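The file target.tsv contains TSV, C-alpha atoms:
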```tsv
chain	number	residue	atom	x	y	z
A	2	MET	CA	-58.46	10.85	13.37
A	3	SER	CA	-62.09	12.03	13.53
A	4	GLY	CA	-63.76	11.73	16.93
A	5	THR	CA	-60.55	11.67	18.96
A	6	ALA	CA	-60.00	14.13	21.81
A	7	PRO	CA	-57.78	17.12	21.01
A	8	GLU	CA	-54.23	17.04	22.30
A	9	ALA	CA	-53.80	19.02	25.53
A	10	LEU	CA	-50.06	18.41	25.88
A	11	THR	CA	-47.55	17.19	23.31
A	12	LEU	CA	-43.91	16.43	24.13
A	13	ASP	CA	-41.68	15.66	21.17
A	14	GLY	CA	-38.13	14.54	21.93
A	15	VAL	CA	-37.85	16.81	24.99
A	16	THR	CA	-34.30	16.76	26.36
A	17	MET	CA	-32.66	18.78	29.13
A	18	ARG	CA	-28.92	18.85	29.68
A	19	PHE	CA	-27.10	20.50	32.57
A	20	GLY	CA	-23.45	20.48	31.55
A	21	GLY	CA	-22.54	16.82	31.15
A	22	ILE	CA	-25.72	15.59	32.88
A	23	LEU	CA	-28.81	14.56	30.91
A	24	ALA	CA	-31.61	15.28	33.38
A	25	VAL	CA	-34.35	14.53	30.82
A	26	ARG	CA	-33.71	12.38	27.75
A	27	ASP	CA	-35.86	12.30	24.64
A	28	VAL	CA	-39.31	12.35	26.27
A	29	THR	CA	-42.11	11.95	23.74
A	30	ALA	CA	-45.74	11.75	24.88
A	31	THR	CA	-49.24	12.93	23.99
A	32	VAL	CA	-51.82	13.72	26.66
A	33	ASN	CA	-55.30	14.18	25.22
A	34	ALA	CA	-57.78	16.66	26.66
A	35	GLY	CA	-59.58	15.23	29.67
A	36	GLN	CA	-57.01	12.50	30.34
A	37	ARG	CA	-55.37	11.92	33.71
A	38	TRP	CA	-51.69	11.02	33.63
A	39	ALA	CA	-49.14	10.20	36.31
A	40	VAL	CA	-45.38	10.51	35.94
A	41	ILE	CA	-43.68	8.15	38.38
A	42	GLY	CA	-40.17	6.98	39.06
A	43	PRO	CA	-37.51	6.92	41.78
A	44	ASN	CA	-35.77	10.03	43.11
A	45	GLY	CA	-33.56	11.57	40.46
A	46	ALA	CA	-35.57	10.10	37.58
A	47	GLY	CA	-36.14	13.54	36.01
A	48	LYS	CA	-39.80	13.98	36.92
A	49	THR	CA	-39.60	17.45	38.46
A	50	THR	CA	-37.28	18.76	35.74
A	51	LEU	CA	-39.80	17.56	33.15
A	52	PHE	CA	-42.58	19.42	35.00
A	53	ARG	CA	-40.52	22.60	35.06
A	54	ILE	CA	-40.00	22.32	31.33
A	55	ILE	CA	-43.73	21.80	30.70
A	56	ALA	CA	-44.59	24.76	32.94
A	57	GLY	CA	-42.11	27.05	31.16
A	58	GLU	CA	-39.79	27.48	34.13
A	59	GLN	CA	-36.94	25.93	32.15
A	60	THR	CA	-36.31	25.81	28.39
A	61	PRO	CA	-35.35	22.39	27.01
A	62	THR	CA	-32.00	21.88	25.37
A	63	ARG	CA	-33.78	20.08	22.55
A	64	GLY	CA	-37.31	19.10	21.61
A	65	ARG	CA	-40.75	20.64	21.24
A	66	ILE	CA	-43.67	21.31	23.61
A	67	ALA	CA	-47.22	22.11	22.51
A	68	LEU	CA	-50.24	23.05	24.60
A	69	PHE	CA	-53.63	22.51	22.97
A	70	GLY	CA	-52.01	22.30	19.56
A	71	ARG	CA	-49.86	25.44	19.86
A	72	ASP	CA	-46.07	25.39	20.10
A	73	VAL	CA	-45.03	26.91	23.46
A	74	THR	CA	-41.44	25.65	23.61
A	75	ARG	CA	-40.03	29.18	23.97
A	76	GLN	CA	-42.96	30.77	25.77
A	77	SER	CA	-42.73	32.04	29.35
A	78	ALA	CA	-44.39	30.41	32.34
A	79	SER	CA	-46.73	33.39	32.75
A	80	ARG	CA	-47.90	33.14	29.15
A	81	ARG	CA	-48.58	29.43	29.56
A	82	ALA	CA	-50.56	30.17	32.71
A	83	ARG	CA	-52.70	32.67	30.80
A	84	ASP	CA	-53.26	30.01	28.14
A	85	GLY	CA	-54.71	27.60	30.71
A	86	LEU	CA	-51.81	25.84	32.45
A	87	GLY	CA	-52.05	25.47	36.24
A	88	ARG	CA	-49.32	24.21	38.55
A	89	THR	CA	-48.66	23.17	42.16
A	90	TYR	CA	-45.26	22.49	43.72
A	91	GLN	CA	-43.53	19.91	45.92
A	92	VAL	CA	-42.96	22.58	48.56
A	93	THR	CA	-46.12	24.45	49.53
A	94	ASN	CA	-46.17	27.85	47.82
A	95	VAL	CA	-48.80	30.14	49.40
A	96	PHE	CA	-48.83	33.66	50.89
A	97	LEU	CA	-48.39	32.84	54.58
A	98	GLY	CA	-48.99	36.43	55.75
A	99	LEU	CA	-52.43	36.62	54.13
A	100	THR	CA	-55.70	34.96	55.02
A	101	VAL	CA	-56.94	31.93	53.15
A	102	ARG	CA	-59.55	34.03	51.37
A	103	GLU	CA	-57.01	36.74	50.45
A	104	ASN	CA	-54.74	34.11	48.87
A	105	VAL	CA	-57.48	32.85	46.58
A	106	ALA	CA	-58.83	36.35	45.86
A	107	ILE	CA	-55.41	37.38	44.51
A	108	ALA	CA	-55.43	34.39	42.16
A	109	VAL	CA	-58.98	35.10	40.98
A	110	ASN	CA	-58.33	38.82	40.45
A	111	ALA	CA	-55.08	38.09	38.61
A	112	ARG	CA	-56.84	35.81	36.16
A	113	ARG	CA	-59.68	38.24	35.56
A	114	ARG	CA	-57.34	41.18	34.91
A	115	GLY	CA	-54.85	39.21	32.86
A	116	ARG	CA	-51.75	40.38	34.73
A	117	LEU	CA	-51.13	40.70	38.46
A	118	ARG	CA	-50.26	44.17	39.76
A	119	THR	CA	-49.52	44.12	43.46
A	120	TRP	CA	-50.93	47.61	44.08
A	121	TRP	CA	-54.42	46.67	42.96
A	122	PRO	CA	-56.91	46.46	45.84
A	123	VAL	CA	-58.00	42.85	46.30
A	124	ARG	CA	-61.71	42.65	45.57
A	125	TYR	CA	-64.08	40.25	47.33
A	126	SER	CA	-67.51	41.53	46.32
A	127	GLY	CA	-69.87	40.29	43.65
A	128	PRO	CA	-68.73	37.57	41.24
A	129	VAL	CA	-65.15	37.61	42.57
A	130	GLY	CA	-66.26	36.88	46.13
A	131	GLU	CA	-68.62	34.16	44.93
A	132	GLU	CA	-65.83	32.53	42.92
A	133	VAL	CA	-63.40	32.71	45.85
A	134	ASP	CA	-65.86	31.06	48.23
A	135	HIS	CA	-66.83	28.45	45.62
A	136	THR	CA	-63.18	27.55	45.09
A	137	LEU	CA	-62.55	27.27	48.83
A	138	ASP	CA	-65.63	25.09	49.20
A	139	ARG	CA	-64.33	22.78	46.47
A	140	VAL	CA	-61.13	22.10	48.43
A	141	GLY	CA	-62.77	21.92	51.86
A	142	LEU	CA	-61.46	25.23	53.24
A	143	LEU	CA	-64.53	27.46	53.25
A	144	ARG	CA	-64.84	27.34	57.03
A	145	ARG	CA	-61.18	28.40	57.32
A	146	ARG	CA	-61.44	31.35	54.92
A	147	THR	CA	-60.63	34.03	57.53
A	148	ALA	CA	-57.66	32.18	59.04
A	149	PRO	CA	-54.11	33.36	58.26
A	150	ALA	CA	-52.47	30.86	55.91
A	151	ARG	CA	-49.57	30.43	58.37
A	152	GLU	CA	-52.02	28.97	60.91
A	153	LEU	CA	-53.13	26.16	58.62
A	154	SER	CA	-51.85	22.64	59.07
A	155	HIS	CA	-49.50	21.29	56.42
A	156	GLY	CA	-52.37	19.36	54.85
A	157	GLU	CA	-54.58	22.45	54.77
A	158	GLN	CA	-51.80	24.47	53.15
A	159	ARG	CA	-51.63	21.82	50.41
A	160	GLN	CA	-55.40	22.20	49.98
A	161	LEU	CA	-54.96	25.97	49.73
A	162	GLU	CA	-52.27	25.57	47.07
A	163	LEU	CA	-54.68	23.42	45.07
A	164	ALA	CA	-57.29	26.16	45.46
A	165	LEU	CA	-54.82	28.73	44.05
A	166	ALA	CA	-54.23	26.52	41.03
A	167	LEU	CA	-57.96	25.97	40.49
A	168	ALA	CA	-58.68	29.70	40.80
A	169	GLY	CA	-56.90	30.15	37.49
A	170	SER	CA	-59.50	27.91	35.78
A	171	PRO	CA	-56.78	25.72	34.25
A	172	ARG	CA	-57.45	23.51	31.26
A	173	LEU	CA	-54.28	21.54	32.07
A	174	LEU	CA	-53.27	21.08	35.71
A	175	LEU	CA	-49.82	19.88	36.83
A	176	LEU	CA	-49.67	18.51	40.38
A	177	ASP	CA	-46.15	17.99	41.76
A	178	GLU	CA	-46.32	15.38	44.55
A	179	PRO	CA	-49.61	16.71	45.99
A	180	ALA	CA	-49.54	14.20	48.88
A	181	ALA	CA	-45.91	14.83	49.91
A	182	GLY	CA	-45.49	15.04	53.67
A	183	LEU	CA	-49.15	14.37	54.44
A	184	SER	CA	-50.48	12.06	57.13
A	185	ALA	CA	-52.59	9.06	56.17
A	186	ALA	CA	-55.82	11.00	56.84
A	187	GLU	CA	-54.57	14.02	54.88
A	188	ARG	CA	-53.51	11.81	51.99
A	189	ALA	CA	-57.00	10.33	51.88
A	190	MET	CA	-58.47	13.83	51.79
A	191	MET	CA	-56.13	14.90	48.99
A	192	ARG	CA	-56.92	11.79	47.01
A	193	THR	CA	-60.65	12.58	47.28
A	194	LEU	CA	-60.09	16.20	46.21
A	195	ILE	CA	-58.05	15.23	43.16
A	196	ASP	CA	-60.51	12.51	42.19
A	197	SER	CA	-63.36	15.05	42.37
A	198	LEU	CA	-61.78	17.49	39.92
A	199	PRO	CA	-63.83	18.03	36.74
A	200	ARG	CA	-63.06	15.48	34.06
A	201	ASP	CA	-62.73	18.22	31.46
A	202	THR	CA	-59.61	19.43	33.30
A	203	THR	CA	-56.62	17.54	31.93
A	204	LEU	CA	-54.44	16.33	34.80
A	205	VAL	CA	-50.78	15.34	34.94
A	206	LEU	CA	-49.32	14.53	38.33
A	207	ILE	CA	-46.01	13.47	39.81
A	208	GLU	CA	-46.33	11.24	42.82
A	209	HIS	CA	-43.62	9.23	44.54
A	210	ASP	CA	-46.27	6.98	46.10
A	211	MET	CA	-46.98	4.65	43.19
A	212	THR	CA	-50.08	3.18	44.86
A	213	LEU	CA	-51.72	6.59	45.21
A	214	ALA	CA	-50.74	7.70	41.71
A	215	LEU	CA	-52.02	4.59	39.98
A	216	ASP	CA	-55.34	4.88	41.80
A	217	LEU	CA	-56.05	8.35	40.35
A	218	VAL	CA	-55.14	8.21	36.66
A	219	ASP	CA	-55.82	6.56	33.31
A	220	THR	CA	-52.26	6.50	31.99
A	221	VAL	CA	-48.88	6.22	33.70
A	222	MET	CA	-45.40	7.04	32.42
A	223	CYS	CA	-42.52	5.65	34.46
A	224	MET	CA	-39.15	7.41	34.19
A	225	ASP	CA	-35.66	6.33	35.19
A	226	ASN	CA	-32.40	8.21	34.66
A	227	GLY	CA	-34.23	10.96	32.78
A	228	ALA	CA	-35.96	8.76	30.22
A	229	PRO	CA	-39.36	7.04	29.98
A	230	ILE	CA	-39.03	3.27	30.43
A	231	ALA	CA	-42.72	2.33	30.27
A	232	THR	CA	-46.07	3.96	29.50
A	233	GLY	CA	-49.42	2.25	29.92
A	234	THR	CA	-52.52	1.77	32.03
A	235	PRO	CA	-52.14	1.45	35.81
A	236	ASP	CA	-52.56	-2.33	35.56
A	237	GLU	CA	-49.93	-2.58	32.84
A	238	ILE	CA	-47.49	-0.52	34.90
A	239	ARG	CA	-48.12	-2.60	38.03
A	240	ASP	CA	-47.25	-5.74	36.08
A	241	ASN	CA	-44.27	-4.31	34.21
A	242	GLU	CA	-41.08	-6.10	35.24
A	243	GLN	CA	-38.84	-3.18	34.28
A	244	VAL	CA	-40.88	-0.80	36.47
A	245	GLN	CA	-40.78	-3.26	39.35
A	246	ALA	CA	-36.99	-3.56	39.00
A	247	VAL	CA	-36.57	0.23	39.09
A	248	TYR	CA	-38.62	0.58	42.27
A	249	LEU	CA	-36.90	-2.37	43.94
A	250	LYS	CA	-33.53	-0.85	43.02
A	251	SER	CA	-34.52	2.45	44.62
A	252	ASP	CA	-35.58	0.93	47.95
```
Could you express the structure from this file as structure tokens?
Amino acid sequence: MSGTAPEALTLDGVTMRFGGILAVRDVTATVNAGQRWAVIGPNGAGKTTLFRIIAGEQTPTRGRIALFGRDVTRQSASRRARDGLGRTYQVTNVFLGLTVRENVAIAVNARRRGRLRTWWPVRYSGPVGEEVDHTLDRVGLLRRRTAPARELSHGEQRQLELALALAGSPRLLLLDEPAAGLSAAERAMMRTLIDSLPRDTTLVLIEHDMTLALDLVDTVMCMDNGAPIATGTPDEIRDNEQVQAVYLKSD
């Protein structure tokens, strides 16, 4: 329909089977460009498997995935990243032996050159250095840029991982439990960082903390046993009896 936002992510009957186990069952959803979505549900609901499928780390048994109107169902994770898909993980995934600035510089250089070659010298001067420092400033780590990543607190490592994802200039960003393992103060910081992301970056996040997730997004999809059971606004999901039953059951 004229005037509607283009589709950033389309899932059409996405299903993932591992032997006799259906980890993801017939997921159909459309995320328009600029929207913010959360995927919630109890442990084992299929959330992380769905993220891996979207990111290209696993190929679905059945169904179709499109990014910005192009079918990517059989495309690799690296190709999807080049096409504008960014990703963070439940477990922090940074280069612990490098400095904070070196971590982000690798991500910036990789995007600019199109493919990462580990023997390239990491460049910091000119536009690359400016972009690295700008990215670190966005996530609150500019003052820590010379520190080895292994010396960062857990919360700061999560901030650095977000910086690595942002350094790729993603059009669609997947955040996998960004507040996992954080203290109350660190969770507040992460919430502020996510909320401050540009609205033209489409965002889909998994978060086990339903209160945090619903505070950050426009649309929520709740999963249970691999399948969506409800999709709606945060208020609609809060009031949904089936969602409440699933979370009570998981306590």
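Between atom CA of Arg80 of chain A and atom CA of Gln160 of chain A lies a distance of 24.7 Å.
In terms of minimum interatomic distance to Arg172 of chain A, A:Arg88 ranks closest within A:Arg26, A:Arg239, A:Arg88, A:Arg75, counting only C-alpha atoms.
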| task | Enumerate, as a PyMOL selection string, the protein, DNA and RNA residues whose atoms approach (-47.6, 14.4, 53.9) to within 12 Å, taking into account all atoms listed in the file and the coordinate frame of the file. | result | chain A and resi 91-93+154-160+178-192+208-210
Would you export the selected residues with C-alpha atoms as a PDB file, in the coordinates of the input, please?
```
ATOM      1  CA  GLN A  91     -43.530  19.910  45.920  1.00  0.00           C
ATOM      2  CA  VAL A  92     -42.960  22.580  48.560  1.00  0.00           C
ATOM      3  CA  THR A  93     -46.120  24.450  49.530  1.00  0.00           C
ATOM      4  CA  SER A 154     -51.850  22.640  59.070  1.00  0.00           C
ATOM      5  CA  HIS A 155     -49.500  21.290  56.420  1.00  0.00           C
ATOM      6  CA  GLY A 156     -52.370  19.360  54.850  1.00  0.00           C
ATOM      7  CA  GLU A 157     -54.580  22.450  54.770  1.00  0.00           C
ATOM      8  CA  GLN A 158     -51.800  24.470  53.150  1.00  0.00           C
ATOM      9  CA  ARG A 159     -51.630  21.820  50.410  1.00  0.00           C
ATOM     10  CA  GLN A 160     -55.400  22.200  49.980  1.00  0.00           C
ATOM     11  CA  GLU A 178     -46.320  15.380  44.550  1.00  0.00           C
ATOM     12  CA  PRO A 179     -49.610  16.710  45.990  1.00  0.00           C
ATOM     13  CA  ALA A 180     -49.540  14.200  48.880  1.00  0.00           C
ATOM     14  CA  ALA A 181     -45.910  14.830  49.910  1.00  0.00           C
ATOM     15  CA  GLY A 182     -45.490  15.040  53.670  1.00  0.00           C
ATOM     16  CA  LEU A 183     -49.150  14.370  54.440  1.00  0.00           C
ATOM     17  CA  SER A 184     -50.480  12.060  57.130  1.00  0.00           C
ATOM     18  CA  ALA A 185     -52.590   9.060  56.170  1.00  0.00           C
ATOM     19  CA  ALA A 186     -55.820  11.000  56.840  1.00  0.00           C
ATOM     20  CA  GLU A 187     -54.570  14.020  54.880  1.00  0.00           C
ATOM     21  CA  ARG A 188     -53.510  11.810  51.990  1.00  0.00           C
ATOM     22  CA  ALA A 189     -57.000  10.330  51.880  1.00  0.00           C
ATOM     23  CA  MET A 190     -58.470  13.830  51.790  1.00  0.00           C
ATOM     24  CA  MET A 191     -56.130  14.900  48.990  1.00  0.00           C
ATOM     25  CA  ARG A 192     -56.920  11.790  47.010  1.00  0.00           C
ATOM     26  CA  GLU A 208     -46.330  11.240  42.820  1.00  0.00           C
ATOM     27  CA  HIS A 209     -43.620   9.230  44.540  1.00  0.00           C
ATOM     28  CA  ASP A 210     -46.270   6.980  46.100  1.00  0.00           C
TER      29      ASP A 210
END
```
| Given the choices A:Arg65, A:Phe96, A:Ala231, A:Ala168, which gets closest to Thr136 of chain A if the distance is worked out from all atoms listed in the file? | A:Ala168
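Here atom CA of Arg63 of chain A and atom CA of Val15 of chain A stand 5.8 Å from one another.
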How big is the axis-aligned box, and where does its centre sit, when it encloses all atoms of segment 82-100 of chain A listed in the file and has 3 Å added on every side, reported in Å to one decimal as AutoDock Vina command-line options?
```
--center_x -49.3 --center_y 28.3 --center_z 41.9 --size_x 18.7 --size_y 22.7 --size_z 33.6
```
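Proximity of A:Val247, A:Leu167, A:Ala46, A:Ala78 to Gln59 of chain A, computed with only C-alpha atoms, is greatest for A:Ala78.
Residue nearest Gly130 of chain A within the list A:Asn110, A:Thr147, A:Ser77, A:Thr16: A:Asn110 [criterion: smallest interatomic distance, all atoms listed in the file].
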| Nearest residue to Pro199 of chain A from the set A:Arg102, A:Arg151, A:Lys48, A:Arg37 (distances using all atoms listed in the file) |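 The closest residue to Pro199 of chain A is A:Arg37.
Computed from the coordinates, the atom CA of Asn104 of chain A to atom CA of Gly169 of chain A distance equals 12.2 Å.
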| said: So, with only C-alpha atoms as the atoms that count, which of A:Leu173, A:His135, A:Thr31, A:Ala6 lies closest to Gly85 of chain A? | reply: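 The closest residue to Gly85 of chain A is A:Leu173.
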